Structure formats: C-alpha cells, structure tokens
Amino acid sequence: MPQIIFLPNEELCPEGAVVEAEPGTSICDAALENGIEIEHACEKSCACTTCHVYVREGFDSLEEASDLEEDYLDKAWGVDPDSRLSCQAKVADEDLVVEIPKYTINMVSENH
C-alpha cells in the first residue's frame, strides 16, 4: 500500500507523519483519517484553496489536475509547480512526499 510522507508542519504535524493510503484515496482524506487536520473549508468539493499542498515527490504518479482545480490553484497562497488541492489529488501506486504550506488563503485573510 502506498505511503504518504507528510513533512513537518509547525501547526498540523510538528514531527511529520508517515501514513498508508489505499490507491484512490485523496491526500486530504488520508491526512484527516490519520489525525492531520488539514483545512478543507469547502468540505472537499473543489470550491476553495484551503487544502492546498505541495507534492514534493511522486507528483507524476497523480492524475492531472482538472481545469477546475487549476483555476482554484491560481488563487492559492504560495502556489508552485508541485501544488495540488489535496481534496482532488488521489493516491496512485507510488509513495508521496507532501508538504502542507504554512498558510492558506483563509489563514492569511484571518491574520493568523
């Protein structure tokens, strides 16, 4: 079963984490199922950017982002070429290394 290695995030998983995920599981669901409370303001419906992550390794194993996801990524804070919305990026058959950004649009607008 593929693993997702979450890099340390000061707020959500200070020590980092390694979790197993069934292929077809979204990165967001895998995080939530393992106690990593990644923000998901739109309840995982691809209608915001709060679950934005960087897929540092294994990016090419993911299905391509839809046009809708790409449109939302254009609005995400700190987007880079490895960016995905974790509610839309589904684990395939390779391990992933994922970095959760320090901020989201919600956190920035709420002055966190």
# chains A, B, ... in the order shown; residues from 1 in each chain; ligands from 1

$ residues_around --residues "Ala17 of chain A" --least-positions-apart "6" --cutoff "9 Å" --atoms "only C-alpha atoms" --output "PyMOL selection string"
chain A and resi 4-8+34+36

$ write_last_selection --atoms "C-alpha atoms" --output "mmCIF file, in the first residue's frame"
data_model
loop_
_atom_site.group_PDB
_atom_site.id
_atom_site.type_symbol
_atom_site.label_atom_id
_atom_site.label_comp_id
_atom_site.auth_asym_id
_atom_site.auth_seq_id
_atom_site.Cartn_x
_atom_site.Cartn_y
_atom_site.Cartn_z
ATOM 1 C CA ILE A 4 2.247 9.440 2.169
ATOM 2 C CA ILE A 5 5.080 11.100 3.996
ATOM 3 C CA PHE A 6 3.910 14.405 5.438
ATOM 4 C CA LEU A 7 6.808 16.745 6.069
ATOM 5 C CA PRO A 8 6.794 18.521 9.446
ATOM 6 C CA ASN A 34 -4.681 9.938 10.442
ATOM 7 C CA ILE A 36 -3.673 15.588 10.464
#

$ select_by_dssp --residues "chain A" --states "strand (DSSP E)" --output "ChimeraX atom specification"
/A:3-6,17-20,52-57,83-85,96-99

$ closest_residue --among "A:Val19, A:Val97, A:Leu12, A:Leu73" --to "Thr50 of chain A" --atoms "only C-alpha atoms"
A:Leu73

$ closest_residue --among "A:Ala21, A:His52, A:Val98, A:Ala92" --to "Ala76 of chain A" --atoms "only C-alpha atoms"
A:His52

$ residues_around --residues "Ile27 of chain A" --least-positions-apart "4" --cutoff "9 Å" --atoms "only C-alpha atoms" --output "list in words"
Ile4, Ala21, Ala31, Leu32, Val53, Leu85, Ser86, Cys87, Gln88, Ala89, Lys90, Val91 and Val98 of chain A

$ residues_around --residues "Asp95 of chain A" --least-positions-apart "3" --cutoff "7 Å" --atoms "only C-alpha atoms" --output "count of residues only"
4

$ atom_distance --atom1 "atom CA of Glu10 of chain A" --atom2 "atom CA of Gly78 of chain A"
16.8 Å

$ closest_residue --among "A:Asp74, A:Glu22, A:Asp67, A:Asp80" --to "Glu94 of chain A" --atoms "only C-alpha atoms"
A:Glu22
